[in-house]
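Each remark here refers to the structure printed beneath this line.
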Amino acid sequence: MKRITSGLAILIASLAAGAAAAQQYPSKPVRIIVGFAPGGGSDFIARVIAQKLTERLGAQVIVENRPGAGSVLGSEVAVKSPPDGYTLLLTPASYTVNANVYKLSFHPLNDITPIVQLSRGPYVVAVNPSVPAKTLQELVALATREPDKLAYASSGNGSHVHVATEYFLYTAGIKITHVPYKGTGPALNDTVAGTTQLIFGSVATTLQFVKSGRLRALAVTTPKRIAAAADVPTVGESGYPSYEVTNWHGLVGPRGLSKDIVERLNKETNEALKSKDVEKVLAGDGLEPAGGSPGEFAVILKNEVARWGEVVKQAKVKLD
C-alpha cells in the first residue's frame with residue numbers, strides 16, 4: 001500500500017510540475033525553423049506568424065533558416081530537437097512529398113507533433129499565350145493529339161509543383177514533358193518566355209503575368225475559385241472533379257511535445273490567424289488563413305503523405 005501511495009504521489013507531483021512548466025512557457029525565445037533560404041514563401045509565412053506569436057506569447061519568437069535538400073536538412077534539425085516547445089518547424093506542403101522522394105533519417109509522421117495548419121491556397125494552371133488553348137479542356141485535347149510536344153516547368157524534381165502537375169497529367173491521361181528548374185523563379189520566367197508552355201504557379205507570382213497578358217490562366221487547383229481571379233474556373237469545374245491540390249503551410253514540433261504546450265501554441269496561433277492584418281498579408285501571397293486543431297492537421301499530413309506516395313510511384317519521380 002505504501003508503494004502504491006508513493007507511486008501515486010510521484011505521479012501527481014510529475015503532473016503538477018508539467019502543468020507548472022506549461023504555465024510558465026515560454027520562458028526563453030522560441031525558434032521556428034524554416035528549411036529554405038530567406039525571402040521565399042515559407043520564410044514569409046514563418047515571419048508573419050513569428051511576429052504575431054511574439055506578441056501573444058510574451059516571449060520572442062525568431063525564424064531560423066536552415067536551407068538544403070528541399071527543406072529536409074531543416075526538418076531534421078527541428079525533429080531531433082528536445083520536445084520542450086522551444087524549437088518548432090514550419091512545414092510546407094512539400095514536406096509530405098519529401099517523405100516519398102528522400103531517404104529521411106526520421107519518420108515524417110511518427111517523429112513529429114502536429115500543432116496547427118497555418119495557410120492554404122491554390123496553384124494557378126497557366127500557359128504561355130502561344131499555346132492554342134483557352135481552357136483546360138482544350139489544353140488536354142491538344143496534349144492528347146500531340147503527346148510530349150508541350151513542356152511544363154517546375155521548381156525541381158520532387159518538388160510539390162512537380163508532383164501536383166504529374167498528378168493532373170495522370171488524372172487527365174496525357175503526357176507533357178517535364179523540365180525541372182532550380183527554383184520557382186527560373187521556371188516561371190521560362191514559361192513567360194515560351195521556352196516551356198505550362199506551369200502550375202503560385203497565385204502571387206503567376207497572376208501578375210496573367211494580368212499583363214504574358215500568361216493565360218486556365219484553372220486553379222483548389223475546390224473553390226479564388227477572389228483574386230474569380231473568372232478562372234477550378235480544375236474540378238473544368239471536367240476533373242477528382243483533382244484538387246492545395247498549397248499549404250503548417251507548424252509542428254518534435255515527437256513528445258507536451259499536450260499543454262501544444263494546446264497553448266494552437267490556441268495562440270489560431271487567434272493570430274484571425275487578425276485582419278495577417279489575413280491581408282497572406283492574401284498578398286495568394287493564401288488564406290487556415291487554423292484548426294492539432295488533430296485536424298495530423299489528418300492532413302497523413303493523407304498527403306499517402307497521396308503523394310502514390311503519385312511518386314505512378315510518375316516514377318526521382319531526384320537528380
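Chain identifiers are assigned as A, B, and so on, following the order in which chains appear in the C-alpha cells; residues are numbered from 1 within each chain, and ligands are numbered from 1 in order of appearance.
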
Tell me, as a PDB file with C-alpha atoms, in the first residue's frame, which residues lie within 6 Å of Val235 of chain A, counting only C-alpha atoms; anything in the same chain fewer than 3 positions away does not count.
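Below you can see part10.pdb, which holds the result:
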ATOM      1  CA  ALA A 219      -7.741  26.950 -63.838  1.00  0.00           C
ATOM      2  CA  VAL A 220      -6.976  26.952 -60.127  1.00  0.00           C
ATOM      3  CA  THR A 221      -6.253  23.729 -58.272  1.00  0.00           C
ATOM      4  CA  SER A 238     -13.117  22.082 -65.922  1.00  0.00           C
ATOM      5  CA  TYR A 240     -11.797  16.776 -63.454  1.00  0.00           C
TER       6      TYR A 240
END

Could you write out, as a ChimeraX atom specification, all the residues of segment 82-268 of chain A that DSSP marks as helix (DSSP H, G or I)?
/A:94-101,136-145,160-172,184-193,203-211,227-229,259-268

Give me, as a Markdown table, the closest atom pair and its distance (Å, one decimal) for every residue of segment 206-314 of chain A within a cut-off of 6 Å of segment 129-152 of chain A, counting only C-alpha atoms, rows sorted by chain and rising number.
| residue | atom | partner | partner_atom | distance |
| --- | --- | --- | --- | --- |
| A:Leu215 | CA | A:Pro129 | CA | 5.7 |
| A:Arg216 | CA | A:Pro129 | CA | 5.8 |
| A:Leu218 | CA | A:Thr135 | CA | 5.3 |

Cut-off 7 Å: closest segment 107-161 of chain A/segment 203-214 of chain A atom pairs per residue, using only C-alpha atoms, as a Markdown table:
| residue | atom | partner | partner_atom | distance |
| --- | --- | --- | --- | --- |
| A:Pro122 | CA | A:Val203 | CA | 6.9 |
| A:Tyr123 | CA | A:Val203 | CA | 6.1 |
| A:Val124 | CA | A:Val203 | CA | 6.0 |
| A:Asn128 | CA | A:Arg214 | CA | 6.8 |
| A:Pro129 | CA | A:Arg214 | CA | 6.6 |

Could you give me the residues within segment 125-194 of chain A that DSSP places in strand (DSSP E), as a PyMOL selection string?
chain A and resi 125-127+151-154+177-180

For segment 36-119 of chain A versus segment 282-290 of chain A, which residues have an atom no more than 7 Å away, and what is each residue's nearest atom pair and distance in Å rounded to one decimal, using only C-alpha atoms, chain-then-number order, as a tab-separated table?
residue	atom	partner	partner_atom	distance
A:Gln117	CA	A:Ala290	CA	5.8
A:Leu118	CA	A:Ala290	CA	5.1
A:Ser119	CA	A:Pro289	CA	4.6

Nearest-residue call for Thr113 of chain A, choices A:Ile261, A:Ala37, A:Leu319, A:Ile49, using only C-alpha atoms
A:Ile261

Near Ser155 of chain A, counting only C-alpha atoms, which residues have an atom at most 7 Å away, once you skip same-chain residues fewer than 6 positions from it, shown as a PyMOL selection string?
chain A and resi 161+180-184+187

Export of prior selection with N, CA and C atoms as a PDB file, in the first residue's frame:
ATOM      1  N   VAL A 161       5.282  21.314 -56.749  1.00  0.00           N
ATOM      2  CA  VAL A 161       4.751  21.688 -58.058  1.00  0.00           C
ATOM      3  C   VAL A 161       4.920  20.534 -59.049  1.00  0.00           C
ATOM      4  N   PRO A 180      12.596  20.424 -65.229  1.00  0.00           N
ATOM      5  CA  PRO A 180      12.835  20.918 -63.864  1.00  0.00           C
ATOM      6  C   PRO A 180      13.824  22.073 -63.829  1.00  0.00           C
ATOM      7  N   TYR A 181      13.582  23.017 -62.938  1.00  0.00           N
ATOM      8  CA  TYR A 181      14.476  24.161 -62.744  1.00  0.00           C
ATOM      9  C   TYR A 181      14.928  24.198 -61.289  1.00  0.00           C
ATOM     10  N   LYS A 182      15.914  24.997 -61.026  1.00  0.00           N
ATOM     11  CA  LYS A 182      16.384  25.170 -59.658  1.00  0.00           C
ATOM     12  C   LYS A 182      15.672  26.362 -59.041  1.00  0.00           C
ATOM     13  N   GLY A 183      14.400  26.193 -58.767  1.00  0.00           N
ATOM     14  CA  GLY A 183      13.636  27.261 -58.142  1.00  0.00           C
ATOM     15  C   GLY A 183      12.435  27.678 -58.964  1.00  0.00           C
ATOM     16  N   THR A 184      11.482  28.324 -58.296  1.00  0.00           N
ATOM     17  CA  THR A 184      10.241  28.759 -58.935  1.00  0.00           C
ATOM     18  C   THR A 184      10.473  29.895 -59.914  1.00  0.00           C
ATOM     19  N   ALA A 187      11.678  28.819 -63.401  1.00  0.00           N
ATOM     20  CA  ALA A 187      10.610  28.047 -64.040  1.00  0.00           C
ATOM     21  C   ALA A 187       9.535  28.974 -64.592  1.00  0.00           C
TER      22      ALA A 187
END
